[in-house]
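Please read the structure below before turning to the comments.
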Amino acid sequence: MSIISYLIVEDEIKSRQTLLKKIDMCHLDNLKCMGLAADAEEALWFVEKNYPDIILVDINLPGKNGFEFLDNIKRENYDPEVIFTSAYTESEYLLKALKKGAVNYLIKPIDIDELTSSFEKAISRVLLKRNQVSSSGKIKLIGIKEVLYLKPEQVAYCRADGHYTNMFLTNGKLELICQSIGSIEKDLPSKMFFRIDRSSLVNINIVESIDLKKQTCMLGENGFNLSIEISVIGLKRLMNRLEQK
């Protein structure tokens with residue numbers, strides 16, 4: 001099972017740490033915390049950088065509340081699973097959370113069994129989304145002008161460009177994708193793609209040669225050729241990964 005990431009959005013430091021410990025106590029495999037945010041603004045920064053699969057968010061945040069934060073991050077190419085938390089039991093909050101498609105609305109102090117059940121449900125939804133895309137053998141990518149549906153083997157190399165990603169395809173085209181490289185990495189098979197550094201993903205199946213002196217890697221397949229510059233450390237990491245194939 002691939003990694004499923006989550007973000008905690010909670011304004012109180014003690015509450016953030018308590019939630020983190022309780023999630024660890026749920027003993028759910030492949031969960032990875034992408035960050036702890038104190039408010040909507042900080043959470044938005046984490047989202048645009050990492051695109052977590054699951055967001056655990058307190059409704060009563062300073063500035064924008066949890067509902068307003070959720071409205072700001074939902075878009076065509078990003079629809080995370082959300083678990084709301086609150087110290088308040090008002091029914092209108094619960095109804096609003098359910099209308100927004102939340103996995104659950106947990107009342108503080110949060111019960112571990114309820115937290116576990118909520119995460120299990122969220123994980124199931126995440127995996128269902130991934131399977132719906134992967135069943136066709138293609139991944140969905142949001143380009144500048146159009147939505148692309150590509151097979152992983154059509155992707156040669158990805159290079160981060162801020163919140164966007166430059167994607168080099170094996171047909172020679174270069175596409176600018178409106179997604180972070182972290183978001184794209186989740187949908188690409190880990191057996192085929194390797195993160196050389198924080199900014200680069202390489203299709204290891206089409207690596208032809210590595211030149212440590214020139215600090216370059218040559219990718220090639222069926223008439224396609226692309227030389228990319230990589231740090232010495234990155235090239236050595238790539239070589240180690242290739243030897244494990």
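Every chain in the structure tokens takes a letter, A first, then B, and so on in the order presented; its residues are numbered from 1, and the ligands are numbered from 1 following the presented order.
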
Residues of stretch 21-232 of chain A classed as strand (DSSP E) by DSSP on the backbone are to be reported as number ranges by chain.
A: 31-37, 54-58, 81-86, 104-107, 139-142, 147-150, 155-161, 164-169, 174-177, 193-197, 200-203, 207-211, 216-221, 224-229

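The neighbours of A:Phe168 here are the residues that come within 8 Å of it, using only C-alpha atoms and leaving out any residue fewer than 6 positions away in the same chain; they are Val155, Ala156, Tyr157, Cys158, Leu174 and Glu175 of chain A.
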
Work out how far apart atom CA of A:Ser200 and atom CA of A:Asn72 are and give it in Å to one decimal.
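A separation of 28.0 Å between them.
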
Need the shell around A:Gly182: protein/DNA/RNA residues with any atom at most 9 Å away, counting only C-alpha atoms. Skip same-chain ones fewer than 5 positions apart. Format as a list in words?
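Those residues are Lys49, Asn50, Tyr51, Ala160 and Arg198 of chain A.
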
Judged by only C-alpha atoms, the minimum distance to A:Lys186 among A:Asp53, A:Asp11, A:Asp79, A:Glu68 is found for A:Asp53

Quick one: pick out all alpha helix (DSSP H) residues within stretch 1-243 of chain A from a backbone DSSP run and write them as a ChimeraX atom specification.
/A:13-25,40-50,66-73,91-99,112-134,181-187,232-243

Given only C-alpha atoms as the basis, pick out the residue of A:Phe67, A:Phe119, A:Phe193, A:Phe84 nearest to A:Leu28.
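Of all the options, A:Phe119 lies closest to A:Leu28.
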
Straight-line distance linking atom CA of A:Asp111 with atom CA of A:Leu128, stated in Å to one decimal:
25.9 Å

Quick one: everything within 10 Å of A:Ala40, counting only C-alpha atoms, minus sequence neighbours fewer than 5 positions away in the same chain. Send it as a short mmCIF file (atom, residue, chain, number, x, y, z; two decimals) with N, CA and C atoms, in the first residue's frame.
data_model
loop_
_atom_site.label_atom_id
_atom_site.label_comp_id
_atom_site.auth_asym_id
_atom_site.auth_seq_id
_atom_site.Cartn_x
_atom_site.Cartn_y
_atom_site.Cartn_z
N VAL A 9 -4.72 20.54 11.47
CA VAL A 9 -4.91 21.99 11.56
C VAL A 9 -5.61 22.29 12.88
N GLU A 10 -4.88 22.83 13.81
CA GLU A 10 -5.37 23.07 15.18
C GLU A 10 -4.60 24.23 15.78
N ASP A 11 -5.31 25.21 16.34
CA ASP A 11 -4.62 26.42 16.80
C ASP A 11 -3.87 26.25 18.12
N TRP A 45 -0.62 26.88 3.16
CA TRP A 45 0.76 26.74 2.69
C TRP A 45 1.15 25.27 2.63
N PHE A 46 0.79 24.49 3.65
CA PHE A 46 1.09 23.06 3.67
C PHE A 46 0.36 22.34 2.53
N VAL A 57 -9.10 18.93 10.75
CA VAL A 57 -9.14 20.37 10.97
C VAL A 57 -10.17 20.78 12.02
N ASP A 58 -9.72 21.65 12.94
CA ASP A 58 -10.61 22.22 13.96
C ASP A 58 -11.50 23.27 13.29
N LEU A 61 -11.01 27.96 14.15
CA LEU A 61 -9.66 28.46 13.96
C LEU A 61 -9.64 29.99 14.03
N PRO A 62 -8.51 30.57 14.40
CA PRO A 62 -8.42 32.05 14.35
C PRO A 62 -8.44 32.52 12.91
N GLY A 63 -9.05 33.65 12.65
CA GLY A 63 -9.17 34.12 11.26
C GLY A 63 -10.24 33.32 10.55
N LYS A 64 -9.89 32.69 9.47
CA LYS A 64 -10.83 31.84 8.74
C LYS A 64 -11.09 30.57 9.54
N ASN A 65 -12.38 30.19 9.65
CA ASN A 65 -12.68 28.96 10.37
C ASN A 65 -12.46 27.74 9.48
N GLY A 66 -12.69 26.57 10.04
CA GLY A 66 -12.43 25.34 9.30
C GLY A 66 -13.23 25.20 8.02
N PHE A 67 -14.49 25.66 8.05
CA PHE A 67 -15.33 25.57 6.86
C PHE A 67 -14.81 26.50 5.75
N GLU A 68 -14.42 27.70 6.12
CA GLU A 68 -13.90 28.66 5.14
C GLU A 68 -12.58 28.17 4.56
N PHE A 69 -11.75 27.57 5.41
CA PHE A 69 -10.49 27.00 4.93
C PHE A 69 -10.75 25.91 3.89
N LEU A 70 -11.71 25.05 4.18
CA LEU A 70 -12.03 23.96 3.26
C LEU A 70 -12.52 24.51 1.92
N ASN A 72 -11.63 27.17 0.51
CA ASN A 72 -10.50 27.76 -0.21
C ASN A 72 -9.61 26.72 -0.88
#

Pick out the residues sitting within 8 Å of A:Lys151, and hand them over as a list in words; count only C-alpha atoms, and ignore anything fewer than 6 positions along from it in its own chain.
Gly137, Lys138 and Ile139 of chain A

Writer output for current selection, N, CA and C atoms, as an mmCIF file, in the first residue's frame:
data_model
loop_
_atom_site.group_PDB
_atom_site.id
_atom_site.type_symbol
_atom_site.label_atom_id
_atom_site.label_comp_id
_atom_site.auth_asym_id
_atom_site.auth_seq_id
_atom_site.Cartn_x
_atom_site.Cartn_y
_atom_site.Cartn_z
ATOM 1 N N GLY A 137 -5.325 2.388 -15.986
ATOM 2 C CA GLY A 137 -3.901 2.369 -16.317
ATOM 3 C C GLY A 137 -3.348 3.752 -16.573
ATOM 4 N N LYS A 138 -4.170 4.793 -16.336
ATOM 5 C CA LYS A 138 -3.733 6.158 -16.602
ATOM 6 C C LYS A 138 -3.862 7.016 -15.343
ATOM 7 N N ILE A 139 -3.102 8.097 -15.324
ATOM 8 C CA ILE A 139 -3.203 9.052 -14.230
ATOM 9 C C ILE A 139 -3.777 10.362 -14.779
#

Would you please work out which residue, of A:Asn203, A:Leu238, A:His163, A:Cys178, is nearest to A:Ile144 when using only C-alpha atoms?
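Distance minimum relative to A:Ile144 lands on A:Cys178.
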
Among the residues A:Asp24, A:Asp29, A:Asp187, A:Glu120, the one that comes closest to A:Pro152 [using only C-alpha atoms]
A:Asp187

Residues within 8 Å of A:Ala122, please, as a ChimeraX atom specification. Count only C-alpha atoms; anything in the same chain fewer than 4 positions from it doesn't count.
/A:54,81-82,103,118,126
